[in-house]
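To start, the structure under review is shown below, and the notes come after it.
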Number of protein chains: 6
Amino acid sequence: MEVNLTIKPLRRFVLKISGHLINPDNIGLVIRYGEYLKKLREKGLASAVVVGGGVYARKYIVAARNIGASESLCDILGVYVTRVNALLLISAIGLDHAYPEPPRSVEEFLKASSTGKIVVTGGFEPGQSTATVAALVAEAFKANALLLATRVEGVYDKDPRVYGDAKLLKEITVAQLRRILSKTQSMKAGGYELLDPLALAIIERSKIPVIVFNGSKPELLENILLKKENPGTIIKP
Amino acid sequence: MEVNLTIKPLRRFVLKISGHLINPDNIGLVIRYGEYLKKLREKGLASAVVVGGGVYARKYIVAARNIGASESLCDILGVYVTRVNALLLISAIGLDHAYPEPPRSVEEFLKASSTGKIVVTGGFEPGQSTATVAALVAEAFKANALLLATRVEGVYDKDPRVYGDAKLLKEITVAQLRRILSKTQSMKAGGYELLDPLALAIIERSKIPVIVFNGSKPELLENILLKKENPGTIIKP
Amino acid sequence: MEVNLTIKPLRRFVLKISGHLINPDNIGLVIRYGEYLKKLREKGLASAVVVGGGVYARKYIVAARNIGASESLCDILGVYVTRVNALLLISAIGLDHAYPEPPRSVEEFLKASSTGKIVVTGGFEPGQSTATVAALVAEAFKANALLLATRVEGVYDKDPRVYGDAKLLKEITVAQLRRILSKTQSMKAGGYELLDPLALAIIERSKIPVIVFNGSKPELLENILLKKENPGTIIKP
Amino acid sequence: MEVNLTIKPLRRFVLKISGHLINPDNIGLVIRYGEYLKKLREKGLASAVVVGGGVYARKYIVAARNIGASESLCDILGVYVTRVNALLLISAIGLDHAYPEPPRSVEEFLKASSTGKIVVTGGFEPGQSTATVAALVAEAFKANALLLATRVEGVYDKDPRVYGDAKLLKEITVAQLRRILSKTQSMKAGGYELLDPLALAIIERSKIPVIVFNGSKPELLENILLKKENPGTIIKP
Amino acid sequence: MEVNLTIKPLRRFVLKISGHLINPDNIGLVIRYGEYLKKLREKGLASAVVVGGGVYARKYIVAARNIGASESLCDILGVYVTRVNALLLISAIGLDHAYPEPPRSVEEFLKASSTGKIVVTGGFEPGQSTATVAALVAEAFKANALLLATRVEGVYDKDPRVYGDAKLLKEITVAQLRRILSKTQSMKAGGYELLDPLALAIIERSKIPVIVFNGSKPELLENILLKKENPGTIIKP
Amino acid sequence: MEVNLTIKPLRRFVLKISGHLINPDNIGLVIRYGEYLKKLREKGLASAVVVGGGVYARKYIVAARNIGASESLCDILGVYVTRVNALLLISAIGLDHAYPEPPRSVEEFLKASSTGKIVVTGGFEPGQSTATVAALVAEAFKANALLLATRVEGVYDKDPRVYGDAKLLKEITVAQLRRILSKTQSMKAGGYELLDPLALAIIERSKIPVIVFNGSKPELLENILLKKENPGTIIKP
C-alpha cells in the first residue's frame with residue numbers, strides 16, 4: 001500500500017522512542033536502533049532522536065516524590081534519566097555519527113545539530129513531556145516527519161486492551177485525535193502516552209506529519225521513510 | 001476584607017509581570033517595580049520574577065514569521081525579547097538585590113537562585129508561554145504564591161470588554177477556571193493571556209495559590225503578600 | 001571601474017550591518033540579506049556577520065539610563081538587543097547555513113565558526129562599539145575584507161548632510177581617515193558611526209581592507225567581493 | 001573511646017556515600033542522610049558530598065559494554081547515573097541547603113561551593129573512581145576529614161567475608177593500607193571499593209584524615225565529627 | 001594631607017594590578033596582596049581585582065606573533081596568561097574570600113560577583129587592555145574608586161625616566177591627562193601603560209575616581225581607601 | 001624495520017607532546033608540529049593532541065605551593081598553563097584545521113571533536129597527569145595509537161643517564177613496563193614522565209598501542225603512522 005502524505009521527500013526526520021524501549025534491559029533493540037540510524041545517515045537522511053525515561057525514570061521520580069521533593073525536582077530527576085537513556089543510544093550509534101551529549105534545551109539542540117551529527121536528546125524541562133520535546137525538536141529541525149516508536153502498533157479507534165474489536169487507524173487528523181482524546185476516556189491512557197495537548201498544538205501549528213509505529217521493529221524505519229509502507233498510523237496535521 | 005488562603009505566610013513568592021508593563025515605554029512603572037521588589041527583599045521576602053514579551057516581542061515574532069522562519073525560531077526570538085525586558089527590570093532593581101542575568105531554563109533558574117538574589121527570568125523555551133514559565137518557576141522555587149500582574153483587574157465571570165455587567169470574581173478554583181475557559185469562548189482571550197492549560201496543570205499539581213491583580217499598581221504587592229487586601233482574584237489550586 | 005586592492009581573492013569576508021537596517025521594521029531588506037548571504041556561501045565564500053542595535057537598542061538604553069542604571073548595564077541591554085537583531089538575520093539566512101546563536105565573545109565566535117556555518121553576532125561587551133566587534137571578528141576570522149553596510153553611500157570629504165558639494169571618496173587610508181576624524185568636527189557623527197578609534201587601530205594592526213557601501217543595496221555585495229565594482233569607499237589599512 | 005586526630009575541629013568535611021546506599025530502592029536512608037546533612041549545616045558545619053553509582057550505574061555500564069561502546073563512553077554513562085543519584089540526595093536535603101546541580105569537575109565544584117550551599121557531586125571523568133573524586137573534592141574544599149559511608153563497618157585486617165576472625169582496625173596509616181592492598185589479594189576487592197591508589201595518593205599528599213564507617217547508620221555522622229566516637233576505621237594520612 | 005574626593009565612603013573598590021607585580025617571580029608581593037585583600041574584605045570593603053599579563057604574557061604573545069598567528073590569537077594567548085596570574089592571586093587570597101575562577105567577560109564578572117566573594121579577573125577580549133577591563137569592571141561593580149597598582153609612584157608632569165626634575169602630580173583630571181597624553185610623546189609610554197583612551201572614556205562617562213599608586217607597597221591600600229593618605233596621583237573624572 | 005602492530009591502519013591517532021617541547025622558548029619546534037599536524041590532516045588522518053605544562057607550569061605550581069595554596073589549586077594552576085601551551089600549538093596549526101579552544105574535560109573534548117577539527121587539549125583535572133589525559137583522550141577518540149613525543153628516544157632497559165650500556169627497547173608490553181617501573185627505581189623518573197599507573201591501566205583496558213619517540217623530531221610522525229619506521233619504542237597493550 002502506497003502511503004499518501006502531503007510532503008514529498010522524507011529527508012529530515014525526528015524519531016521519538018519510548019524510554020521503555022531504550023534502556024539497559026533492551027540491549028538488542030538499542031543496538032538495532034543504533035545500526036539503523038547510522039545506516040540511514042549514511043544514505044543521506046538527516047535525523048534527530050528524542051528518548052523517553054521509561055521504567056528507570058519512573059523509579060527515581062517515585063522515590064523523589066516519596067522523599068517529599070517538589071514536583072519540579074521530581075521532573076528534573078526524570079529528565080536526568082532520559083539523558084542517561086539518550087547517552088546509551090548515542091553509544092550504540094557511535095560518535096562518528098552521533099553528537100556526544102544530549103542537549104538540554106531547543107537552543108542547545110540547534111547548536112549541537114549545526115555539527116551535522118545525529119543529535120539524541122532526552123527531556124528538556126520539568127512540566128514537559130518528551131512527546132512535547134519531540135514536537136519542539138521536529139519544529140526546530142524543520143523535520144519532514146515525526147516518527148513515534150511506541151509500544152503499540154499505532155492509534156486505535158477504541159482502547160485495544162479493552163475492546164477485542166478495536167481497529168488500527170491508518171490515518172487520522174490532529175483535530176480528530178484531539179476530539180477522541182477529549183471524549184473517549186478509554187483511549188486517554190494509551191493516547192496520552194503518544195501525544196499530550198501541547199505536543200499536538202505544536203504539530204498542528206507547524207504542520208508536521210506524525211507516524212506512529214511499533215517501536216520494537218526498528219527495521220520498519222526505512223520503509224516508512226521511503227513511504228513504501230505505513231505499518232501504523234499517520235497523524236495528519 | 002481578610003483574604004483567606006490555605007497557606008499561612010507568604011514569605012516566598014513569584015511575580016509574573018506582563019511584557020506590556022515592563023518595557024522601555026513604561027519607565028515609571030519599571031522603576032516602581034524595581035523599588036517595591038527591593039523593599040520587599042529587604043523585609044525578608046524572597047521573590048523571583050518572570051517577565052513577558054509585550055509589544056516588542058510581538059514585533060520581532062511577526063517579522064520572523066513574515067520572513068518564513070520556523071515557528072520554533074519565531075518563539076525563540078520572542079524569548080530573546082523577554083530576556084531584554086527582564087534585564088530592564090534587573091537594572092531597575094539593581095545588582096545588589098537582583099541576579100545579573102535572566103536564566104534560560106528551570107535548571108539555570110535554580111542555580112541563579114542559590115545566590116539568594118532576586119532572579120528575573122524571561123521565557124525559557126519555544127512552545128511555552130511565560131505563564132507556564134511562571135508556574136514552573138513558582139514550583140521550583142517552592143513559592144507560597146504566584147502573583148500575576150496583568151493589564152486587567154482580575155478574572156471576570158464574563159468578558160468585561162463585551163459585557164457591561166461583567167463581575168470581578170474574588171475567588172475561583174483552578175477547576176472552575178478551566179471549565180469556564182473551555183466553555184466560554186468570550187472569556188478565552190483574556191483568560192488565556194493569564195494562564196494556559198499547561199500553566200493551570202502545574203499550578204494544580206503543586207497546589208500554588210495564584211493571585212491576579214492590576215499590574216499597573218505595584219503598590220498593591222505588599223498588602224497582597226501580607227494578606228491585608230485582595231484587590232483582584234485568587235485562583236485556588 | 002576595476003577595484004584595486006592589495007589582497008587578491010575576497011574569499012573570506014566579514015559584513016557589518018547597521019542595526020538601523022536589520023530590524024523588524026525592515027523585513028524586506030532582512031530577507032534579501034538572508035538570501036544573498038546564503039547564495040554567497042553556496043558559491044564558496046566564507047562569511048561572518050555583525051549586526052548593530054539600531055532604534056530598538058537605543059530605546060532600551062535610554063530607558064535604562066533614565067532608570068538610573070550604570071552605563072555598564074545600559075550597554076549590556078543594548079548588546080542584548082543587537083543579539084535579537086542578529087537572531088532575526090539568522091532566521092532569514094536559515095539554519096542550514098547560519099549558526100543558530102549569536103556568540104558573546106571572540107572566543108565564542110571562534111568556536112561557533114569552527115562548524116563552518118555563517119556566524120552572526122551582535123555586540124560582545126559594554127564599552128565596545130559593534131564596529132569594534134566587527135574589526136575583532138574580521139581579525140579573528142582572518143577575513144580578506146570587512147564590508148560595512150551603512151545608511152550612507154560611503155565616506156565623504158565633508159559632511160554631505162551640510163555641504164551640497166561634498167564628494168564621495170573612492171579610497172582613503174586609515175591614517176587619512178583618522179586625521180580627518182580628529183580635525184573635522186562636522187564629519188565626526190557620520191564618521192564615528194562607521195569606525196571608532198579602537199576599530200581603526202585593529203584594522204590597521206591587522207591590515208584589513210574595509211569597504212563602506214550603501215547597506216540598503218545588498219545586491220552590491222557580490223560585485224564588491226568579485227572586485228567588479230567599488231560603489232562606496234575603500235579604506236586602506 | 002576518644003578519637004585522636006592531628007587536626008582539631010572537624011568543621012569542614014566531605015562525605016562520600018556508596019551508590020549502593022543512595023538510590024531509589026533505599027528511600028528511607030536517602031531521607032535520613034538528607035536530614036542529617038541539613039541539620040549539621042544548620043549547626044555550622046560545612047560539607048560537600050560525593051555519591052557513587054551503585055547498581056543502576058553498573059546496569060548501564062554493562063549494557064554499553066555489550067553494545068560495543070568504548071570504555072570511555074561506558075564510564076561516562078556511569079558518571080551520568082552517579083549524577084542522578086546525586087540529584088536524588090539533593091532533593092532529600094532540599095534546595096534551601098543544597099546546590100541544585102551536581103558539578104562536572106573540580107573547577108565547577110569550586111564555583112558551586114562558593115555559594116555556601118552543600119554541593120553534592122557524582123563522578124567527574126571517565127577512568128576516575130568516585131573515591132578519587134571524593135579525595136579531590138576534599139582537597140579542593142580544604143576539608144578537615146573525608147568520611148566514607150560504605151557497606152562495611154570499616155577496614156579489616158583480613159577479608160571479613162572469608163575469615164571469621166577478621167578484626168576491624170580502629171586506625172591505620174595510608175602507607176599501611178597501601179602495603180596490605182598490594183600484598184593481600186583477598187583484601188583487594190573490599191579495599192579497592194574504598195580507595196584506589198590515586199585516591200590514596202591524593203589523601204597522602206594533602207594529609208586528609210579518612211574515616212570509614214557503616215553507611216547504613218547516618219546517625220553516626222555527628223558523633224564522628226564531634227570526635228565522640230570512632231565506630232569504624234580512621235585512615236591516617 | 002587630606003585627600004579630597006567628591007565621593008564619600010570608599011566601600012567598593014576595584015584594584016588593577018600590573019602583571020609585572022603578580023606572577024611567580026614575585027611570591028612575597030602576591031602573598032601580601034592576598035592578605036590585604038582578605039583583611040579589607042573582613043572589614044566590610046567590597047572589592048574586585050583585575051590582573052595584567054606581565055612578562056609571561058609578553059613571552060607567549062611574541063612567540064605566537066613569530067609563529068604567524070593573527071593578532072587576535074596573540075591577544076587571546078595574552079588573555080590566557082592574565083588568567084593564570086589571576087588564579088595565582090586567587091590562591092593567595094584563599095577560596096573562603098575569593099571566587100575560584102577568573103571570569104571571561106563583564107557579564108560573567110557580574111554573575112561571579114553576585115556570590116559576594118572577591119572576583120579576580122584577567123583580561124576579557126582581544127584588542128582590549130587590562131586597563132580597559134579594569135574600567136569596565138569598576139563601572140559594572142559601581143565601584144567608588146579604581147586603584148591602579150603600578151610600577152611607578154603615580155603620574156608625573158614629565159617622564160621621570162628622562163627628566164630629573166619631573167614632579168609627581170597629586171591630582172589631575174581625565175581631561176588634563178588626555179591632553180598631556182596626546183601632546184607629550186615622552187609621557188606616552190608610562191601614561192599609556194596606566195590608561196588607554198578607551199579606559200579614560202569609560203572612567204569619564206561613569207565618573208570613577210582613579211588613584212594611581214606604587215604597587216610594590218600593598219600596605220598603602222587601606223590608608224588610600226580610608227582617605228588618610230594620597231601616596232600617588234588622583235585622576236578626577 | 002617493519003613495525004608490526006595488531007591494528008592495521010593508523011588513521012586516528014592521539015599525540016601527546018611534553019610541555020618542555022611546546023612553549024614560547026621553542027618556537028621553531030612549535031611551528032614544525034603545527035605544519036606536520038596540518039599536513040597529516042590534509043592527508044585524511046584524524047588527530048587529537050594533548051600538551052603538557054613544562055617549565056612554566058612548574059614555575060606557577062611552585063609559586064602557589066610557596067603561597068600555601070592547596071595541592072588542588074596548585075594543580076589547577078598547572079592545568080591553566082597547559083592550556084596556554086595548547087593554545088600556542090593551536091595558533092601554529094591555524095584555525096582552519098584546529099579547534100580554537102582547549103577543552104576542559106573528556107565530555108568537552110568529545111563535543112569539540114565532533115566538529116572534525118584537530119582538538120588540542122591541555123590538562124583536565126587536578127590529581128591527573130597529562131599522560132592520563134592523553135590515555136583518556138585516546139580512548140574516547142577511539143584512536144588507533146597514542147604517540148608520545150618525549151625528550152628521550154624511547155624506553156630503555158636501564159636509566160640511560162646512569163648506564164652507558166642502556167639499550168633502547170623497540171617493543172615492550174604494558175605488563176613488562178609496569179613490572180620494570182615497580183621494581184627498578186632507576187627507571188622510575190624517566191618512566192613516570194611517560195606514563196603513570198592510571199595511564200597504563202587505561203591503555204591496557206582499551207588496548208591502545210603506544211609509540212614513544214624523540215619529540216624534537218616531528219618529521220618522524222608520518223613514517224611512524226605509515227608504519228615505515230619505528231624510531232623509538234612500541235608499548236603493546
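Naming works like this for the C-alpha cells: A, B, ... for the chains as they're shown, residue 1 at the start of each chain, ligands 1 onward in shown order.
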If you count only C-alpha atoms, which residues fall within 8 Å of C:Ile93, apart from same-chain ones fewer than 5 positions away, as a PyMOL selection string? chain C and resi 31+33-35+37-38+98
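Near C:Val49, within a cut-off of 8 Å and counting only C-alpha atoms, sit the residues C:Val14, C:Leu15, C:Lys16, C:Ile17, C:Ile118, C:Val119, C:Val120, C:Thr121, C:Ala134, with same-chain residues fewer than 6 positions away left out.
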Atoms to include: N, CA, C and O atoms. Write the selected residues as a PDB file, in the first residue's frame.
ATOM      1  N   VAL C  14      33.947  39.651   6.323  1.00  0.00           N
ATOM      2  CA  VAL C  14      33.047  39.957   7.432  1.00  0.00           C
ATOM      3  C   VAL C  14      32.171  41.124   6.995  1.00  0.00           C
ATOM      4  O   VAL C  14      32.663  42.087   6.412  1.00  0.00           O
ATOM      5  N   LEU C  15      30.887  40.978   7.251  1.00  0.00           N
ATOM      6  CA  LEU C  15      29.932  42.014   6.897  1.00  0.00           C
ATOM      7  C   LEU C  15      29.362  42.601   8.168  1.00  0.00           C
ATOM      8  O   LEU C  15      28.856  41.880   9.027  1.00  0.00           O
ATOM      9  N   LYS C  16      29.481  43.928   8.298  1.00  0.00           N
ATOM     10  CA  LYS C  16      28.880  44.595   9.452  1.00  0.00           C
ATOM     11  C   LYS C  16      27.679  45.386   8.952  1.00  0.00           C
ATOM     12  O   LYS C  16      27.817  46.231   8.060  1.00  0.00           O
ATOM     13  N   ILE C  17      26.508  45.097   9.505  1.00  0.00           N
ATOM     14  CA  ILE C  17      25.292  45.781   9.060  1.00  0.00           C
ATOM     15  C   ILE C  17      24.732  46.614  10.217  1.00  0.00           C
ATOM     16  O   ILE C  17      24.590  46.117  11.346  1.00  0.00           O
ATOM     17  N   ILE C 118      27.708  30.213   8.715  1.00  0.00           N
ATOM     18  CA  ILE C 118      27.790  31.669   8.840  1.00  0.00           C
ATOM     19  C   ILE C 118      27.444  32.025  10.280  1.00  0.00           C
ATOM     20  O   ILE C 118      26.354  31.714  10.758  1.00  0.00           O
ATOM     21  N   VAL C 119      28.378  32.659  10.971  1.00  0.00           N
ATOM     22  CA  VAL C 119      28.115  33.060  12.354  1.00  0.00           C
ATOM     23  C   VAL C 119      27.686  34.526  12.349  1.00  0.00           C
ATOM     24  O   VAL C 119      28.371  35.370  11.778  1.00  0.00           O
ATOM     25  N   VAL C 120      26.536  34.803  12.954  1.00  0.00           N
ATOM     26  CA  VAL C 120      26.034  36.173  13.046  1.00  0.00           C
ATOM     27  C   VAL C 120      26.128  36.607  14.505  1.00  0.00           C
ATOM     28  O   VAL C 120      25.555  35.958  15.386  1.00  0.00           O
ATOM     29  N   THR C 121      26.846  37.675  14.750  1.00  0.00           N
ATOM     30  CA  THR C 121      26.972  38.157  16.120  1.00  0.00           C
ATOM     31  C   THR C 121      26.292  39.510  16.270  1.00  0.00           C
ATOM     32  O   THR C 121      26.111  40.237  15.300  1.00  0.00           O
ATOM     33  N   ALA C 134      33.142  44.180  14.900  1.00  0.00           N
ATOM     34  CA  ALA C 134      33.335  43.756  13.511  1.00  0.00           C
ATOM     35  C   ALA C 134      34.819  43.671  13.172  1.00  0.00           C
ATOM     36  O   ALA C 134      35.262  42.737  12.498  1.00  0.00           O
TER      37      ALA C 134
END
With chain B as the partner and 6 Å as the cut-off, tabulate the residues of chain A that qualify, each row holding the nearest pair of atoms and their distance in Å to one decimal, using only C-alpha atoms, sorted by chain and rising number, as a Markdown table.
| residue | atom | partner | partner_atom | distance |
| --- | --- | --- | --- | --- |
| A:Ser72 | CA | B:Ala140 | CA | 5.2 |
| A:Glu139 | CA | B:Ser72 | CA | 5.9 |
| A:Ala140 | CA | B:Ser72 | CA | 5.2 |
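Considering the residues A:Gly122, A:Gly232, A:Phe213, A:Ala131 and counting only C-alpha atoms, A:Lys170 has its shortest atom-to-atom contact with A:Gly232.
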How would you write, as a ChimeraX atom specification, the set of residues in stretch 10-224 of chain E that DSSP gives as strand (DSSP E)? /E:12-17,46-51,119-121,145-150,171-173,210-214
I'd like the contact shell of C:His20 - 9 Å cut-off, only C-alpha atoms, skipping same-chain residues fewer than 2 positions apart - returned as a PyMOL selection string. chain C and resi 17-18+22-23+26+52-56+150-151
Can you list, as an MDAnalysis selection string, all residues belonging to stretch 128-230 of chain C that DSSP tags as helix (DSSP H, G or I)? chainID C and resid 130:140 174:183 185:194 197:205 220:225
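Atom CA of B:Gly215 sits 21.2 Å away from atom CA of B:Lys43.
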Residues within 12 Å of A:Glu101, only C-alpha atoms, excluding chain neighbours under 4 positions, as a count of residues only: 35
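With only C-alpha atoms as the basis for measurement, E:Pro237 is the residue among E:Gly68, E:Pro218, E:Gly44, E:Pro237 that approaches E:Ala145 most closely.
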Students should find that atom CA of A:Asn223 and atom CA of A:Glu42 are spaced 15.7 Å
Can you list, as a PyMOL selection string, every protein, DNA or RNA residue that comes within 12 Å of D:Pro231 when you count only C-alpha atoms, leaving out same-chain residues fewer than 6 positions away? chain D and resi 1-3+147-149+152-155+168-171+211-215+217-225
Atom CA of D:Ile180 to atom CA of D:Asp159, distance in Å rounded to a single decimal: 11.2 Å
